[in-house]
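Chemist: My questions all concern the structure below.
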Amino acid sequence: MMETAFKTLVVVPVKDFARAKSRLGPDLDAGERAIVAANLFARTIAFLQDAKARSSTAFDIAVVTSSTDIAKTVNEHRLHLIPEGQEDGLNSALTTAASWAKAHSYETLCVLPADIAAPDFGEFGRLLSLAGSPGSLVLCPADDRGTNVLIVTPPDAISFTYGCLSFLKHQAQAAEHGLDCVIAPSSAFSRDIDYMEDLSEHQLRLLTKRAERRAV
């Protein structure tokens, strides 16, 4: 793929669908969880491709993954693929993505999870517009004080600490490293789909295989 002049890279971290969405395990079997994960990923990529056409902030799209099957889909969509190698958790994957972004001359890295419940074009554009100053961090907190959107300039300015209360941990890192930290709450990006109560209003659509949906 040709190099681009875009300074911002939006990266979506994705694990193998067969191992994704483990928190839904008490209610969904492995096959159902894989379908949910695949549908969420497809929806996120479609959202980003549309957002790229609409946004006043130029950005490129990448996926970091260790899955060869997901890699094929990424290549089919002509997106940047960042091979993770052996799967070693989200923070390791994003460290790989940040190194890749720096090596390819991106100044800003935006991390967007693939499981946002109801992403919104206008809100995403607003979040991107808050980024860009050297030594800065934009944090959009999740309802549970996780981190649902993270935008960092430069890409390796922090160590990623996703997990329990990651929003607070990322905020603390910004203070420790002297970064300009912008807290950007957003109702459109505050909810992700981790548990059955998150899935409930989206359940029929996300549990339907894509081939079946096209046939309807």
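Starting from 1 in every chain, residues are counted up; chains themselves are A, B, ... following the order of the structure tokens, and ligands are numbered from 1 as listed.
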Enumerate the residues of chain A with a DSSP assignment of helix (DSSP H, G or I), computed from the backbone, and present them as number ranges by chain.
Modeler: A: 17-19, 22-24, 30-54, 68-76, 90-103, 121-129, 166-176, 196-206, 210-215
Chemist: Pick out the residues sitting within 9 Å of segment 72-84 of chain A, and hand them over as JSON, numbers by chain; count only C-alpha atoms, and ignore anything fewer than 4 positions along from it in its own chain.
Modeler: {"A": [1, 11, 45, 60, 61, 62, 63, 64, 65, 66, 67, 68, 88, 92, 93, 94, 96, 97, 100]}
Chemist: Got time to write the residues from that selection, N, CA and C atoms, as a short mmCIF file (atom, residue, chain, number, x, y, z; two decimals), in the first residue's frame?
Modeler:
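Okay, this is what ended up in result32.cif:
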data_model
loop_
_atom_site.label_atom_id
_atom_site.label_comp_id
_atom_site.auth_asym_id
_atom_site.auth_seq_id
_atom_site.Cartn_x
_atom_site.Cartn_y
_atom_site.Cartn_z
N MET A 1 0.85 -1.19 0.00
CA MET A 1 0.00 0.00 0.00
C MET A 1 0.88 1.24 0.00
N VAL A 11 -6.48 3.61 14.72
CA VAL A 11 -6.20 2.18 14.77
C VAL A 11 -7.29 1.45 15.54
N ILE A 45 -15.47 -0.74 10.98
CA ILE A 45 -14.73 -0.41 9.77
C ILE A 45 -15.60 0.41 8.81
N ASP A 60 -6.02 8.28 8.42
CA ASP A 60 -5.93 6.98 7.78
C ASP A 60 -6.41 5.93 8.78
N ILE A 61 -6.69 4.74 8.28
CA ILE A 61 -7.29 3.68 9.11
C ILE A 61 -6.36 2.47 9.10
N ALA A 62 -6.14 1.91 10.28
CA ALA A 62 -5.33 0.70 10.42
C ALA A 62 -6.00 -0.26 11.38
N VAL A 63 -5.67 -1.52 11.24
CA VAL A 63 -6.12 -2.56 12.16
C VAL A 63 -4.89 -3.30 12.66
N VAL A 64 -4.79 -3.46 13.97
CA VAL A 64 -3.71 -4.25 14.55
C VAL A 64 -4.31 -5.56 15.04
N THR A 65 -3.75 -6.67 14.57
CA THR A 65 -4.31 -7.98 14.89
C THR A 65 -3.25 -9.06 14.71
N SER A 66 -3.48 -10.18 15.38
CA SER A 66 -2.63 -11.35 15.17
C SER A 66 -3.33 -12.40 14.32
N SER A 67 -4.60 -12.13 13.96
CA SER A 67 -5.41 -13.11 13.24
C SER A 67 -5.17 -13.04 11.74
N THR A 68 -4.84 -14.16 11.12
CA THR A 68 -4.64 -14.19 9.68
C THR A 68 -5.96 -14.01 8.93
N ASP A 88 -0.72 -10.98 22.51
CA ASP A 88 -0.20 -10.81 23.87
C ASP A 88 -0.95 -9.71 24.61
N SER A 92 -0.13 -4.62 24.61
CA SER A 92 0.99 -4.99 23.75
C SER A 92 0.67 -4.70 22.28
N ALA A 93 -0.56 -5.00 21.87
CA ALA A 93 -0.97 -4.73 20.49
C ALA A 93 -0.89 -3.24 20.18
N LEU A 94 -1.32 -2.41 21.11
CA LEU A 94 -1.30 -0.97 20.87
C LEU A 94 0.11 -0.40 20.92
N THR A 96 2.63 -2.03 19.74
CA THR A 96 3.07 -2.35 18.38
C THR A 96 2.52 -1.34 17.38
N ALA A 97 1.24 -0.98 17.54
CA ALA A 97 0.61 -0.01 16.64
C ALA A 97 1.27 1.36 16.74
N TRP A 100 4.53 1.30 14.92
CA TRP A 100 4.28 1.30 13.48
C TRP A 100 3.91 2.70 13.01
#
Chemist: I'd like a table as CSV: residues in segment 47-110 of chain A with an atom no more than 6 Å from segment 146-168 of chain A, each row giving the shortest atom pair and its distance in Å to one decimal, only C-alpha atoms counted, sorted by chain and rising residue number.
Modeler:
residue,atom,partner,partner_atom,distance
A:Asn91,CA,A:Phe160,CA,5.3
A:Ala98,CA,A:Pro155,CA,5.0
A:Glu107,CA,A:Pro154,CA,5.2
A:Thr108,CA,A:Thr153,CA,4.5
A:Leu109,CA,A:Pro155,CA,4.9
A:Cys110,CA,A:Ile151,CA,4.2
Chemist: Got a sec: who's within 8 Å of Leu179 of chain A, counting only C-alpha atoms, leaving out chain neighbours fewer than 4 positions off, as a PDB file with all heavy atoms, in the first residue's frame?
Modeler:
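Okay, this is what ended up in around15.pdb:
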ATOM      1  N   GLY A 135       2.689  16.654  22.335  1.00  0.00           N
ATOM      2  CA  GLY A 135       2.626  16.313  23.747  1.00  0.00           C
ATOM      3  C   GLY A 135       1.236  16.447  24.319  1.00  0.00           C
ATOM      4  O   GLY A 135       1.021  17.144  25.315  1.00  0.00           O
ATOM      5  N   SER A 136       0.261  15.783  23.682  1.00  0.00           N
ATOM      6  CA  SER A 136      -1.122  15.915  24.144  1.00  0.00           C
ATOM      7  C   SER A 136      -1.806  14.560  24.184  1.00  0.00           C
ATOM      8  O   SER A 136      -1.411  13.611  23.509  1.00  0.00           O
ATOM      9  CB  SER A 136      -1.906  16.867  23.241  1.00  0.00           C
ATOM     10  OG  SER A 136      -2.074  16.318  21.946  1.00  0.00           O
ATOM     11  N   LEU A 137      -2.863  14.513  24.983  1.00  0.00           N
ATOM     12  CA  LEU A 137      -3.652  13.304  25.125  1.00  0.00           C
ATOM     13  C   LEU A 137      -5.118  13.697  25.235  1.00  0.00           C
ATOM     14  O   LEU A 137      -5.481  14.582  26.009  1.00  0.00           O
ATOM     15  CB  LEU A 137      -3.227  12.540  26.389  1.00  0.00           C
ATOM     16  CG  LEU A 137      -3.913  11.205  26.685  1.00  0.00           C
ATOM     17  CD1 LEU A 137      -3.564  10.176  25.620  1.00  0.00           C
ATOM     18  CD2 LEU A 137      -3.507  10.696  28.068  1.00  0.00           C
ATOM     19  N   ALA A 174      -0.632  11.102  31.824  1.00  0.00           N
ATOM     20  CA  ALA A 174      -0.530  12.410  31.183  1.00  0.00           C
ATOM     21  C   ALA A 174       0.087  13.421  32.149  1.00  0.00           C
ATOM     22  O   ALA A 174       0.966  14.211  31.771  1.00  0.00           O
ATOM     23  CB  ALA A 174      -1.903  12.881  30.714  1.00  0.00           C
ATOM     24  N   ALA A 175      -0.371  13.402  33.406  1.00  0.00           N
ATOM     25  CA  ALA A 175       0.185  14.310  34.407  1.00  0.00           C
ATOM     26  C   ALA A 175       1.655  13.998  34.667  1.00  0.00           C
ATOM     27  O   ALA A 175       2.491  14.904  34.771  1.00  0.00           O
ATOM     28  CB  ALA A 175      -0.620  14.213  35.701  1.00  0.00           C
TER      29      ALA A 175
END
Chemist: Hey, which of A:Val36, A:Pro141, A:Lys15, A:Pro185 ends up closest to Gln86 of chain A? Count only C-alpha atoms.
Modeler: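 Of A:Val36, A:Pro141, A:Lys15, A:Pro185, the one nearest Gln86 of chain A, counting only C-alpha atoms, is A:Lys15.
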Chemist: Looking at A:Gly31, A:Pro13, A:Gly178, A:Pro134, which one is nearest to Asp115 of chain A, with distances taken over only C-alpha atoms?
Modeler: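 Closest residue, counting only C-alpha atoms: A:Pro13.
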Chemist: With only C-alpha atoms as the atoms that count, which of A:Leu139, A:Leu128, A:Ala114, A:Ala103 lies nearest to Lys21 of chain A?
Modeler: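 Smallest distance to Lys21 of chain A is found for A:Ala114.
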Chemist: So how far away is atom CA of Val138 of chain A from atom CA of Gln173 of chain A, in Å?
Modeler: 12.1 Å
Chemist: Per DSSP on the backbone, what are the strand (DSSP E) residues of segment 1-76 of chain A, as a list in words?
Modeler: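 Strand (DSSP E) members of segment 1-76 of chain A, listed: Thr8, Leu9, Val10, Val11, Val12, Pro13, Asp60, Ile61, Ala62, Val63, Val64 and Thr65 of chain A.
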Chemist: Neighbouring residues of Ala46 of chain A were defined as those with any atom within 12 Å, considering only C-alpha atoms; residues of the same chain fewer than 3 positions away were excluded. Please report them as an MDAnalysis selection string.
Modeler: chainID A and resid 39:43 49:53 61 74 77 79 114 119 121
Chemist: List the spatial neighbours of Asp120 of chain A as a ChimeraX atom specification - criterion: any atom at most 7 Å away, only C-alpha atoms, same-chain residues fewer than 3 positions off excluded.
Modeler: /A:123-124,188
Chemist: Suppose we keep C-alpha atoms; can you now write the selection as a PDB file, in the first residue's frame?
Modeler:
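Saved to selection.pdb:
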ATOM      1  CA  GLU A 123     -18.967  13.263  17.814  1.00  0.00           C
ATOM      2  CA  PHE A 124     -16.047  11.410  16.267  1.00  0.00           C
ATOM      3  CA  ALA A 188     -22.016   8.442  21.752  1.00  0.00           C
TER       4      ALA A 188
END
Chemist: Using only C-alpha atoms, can you tell me which of A:Arg54, A:Lys7, A:Ala118, A:Gly125 comes closest to Ser187 of chain A?
Modeler: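 Among the listed residues, A:Ala118 lies closest to Ser187 of chain A.
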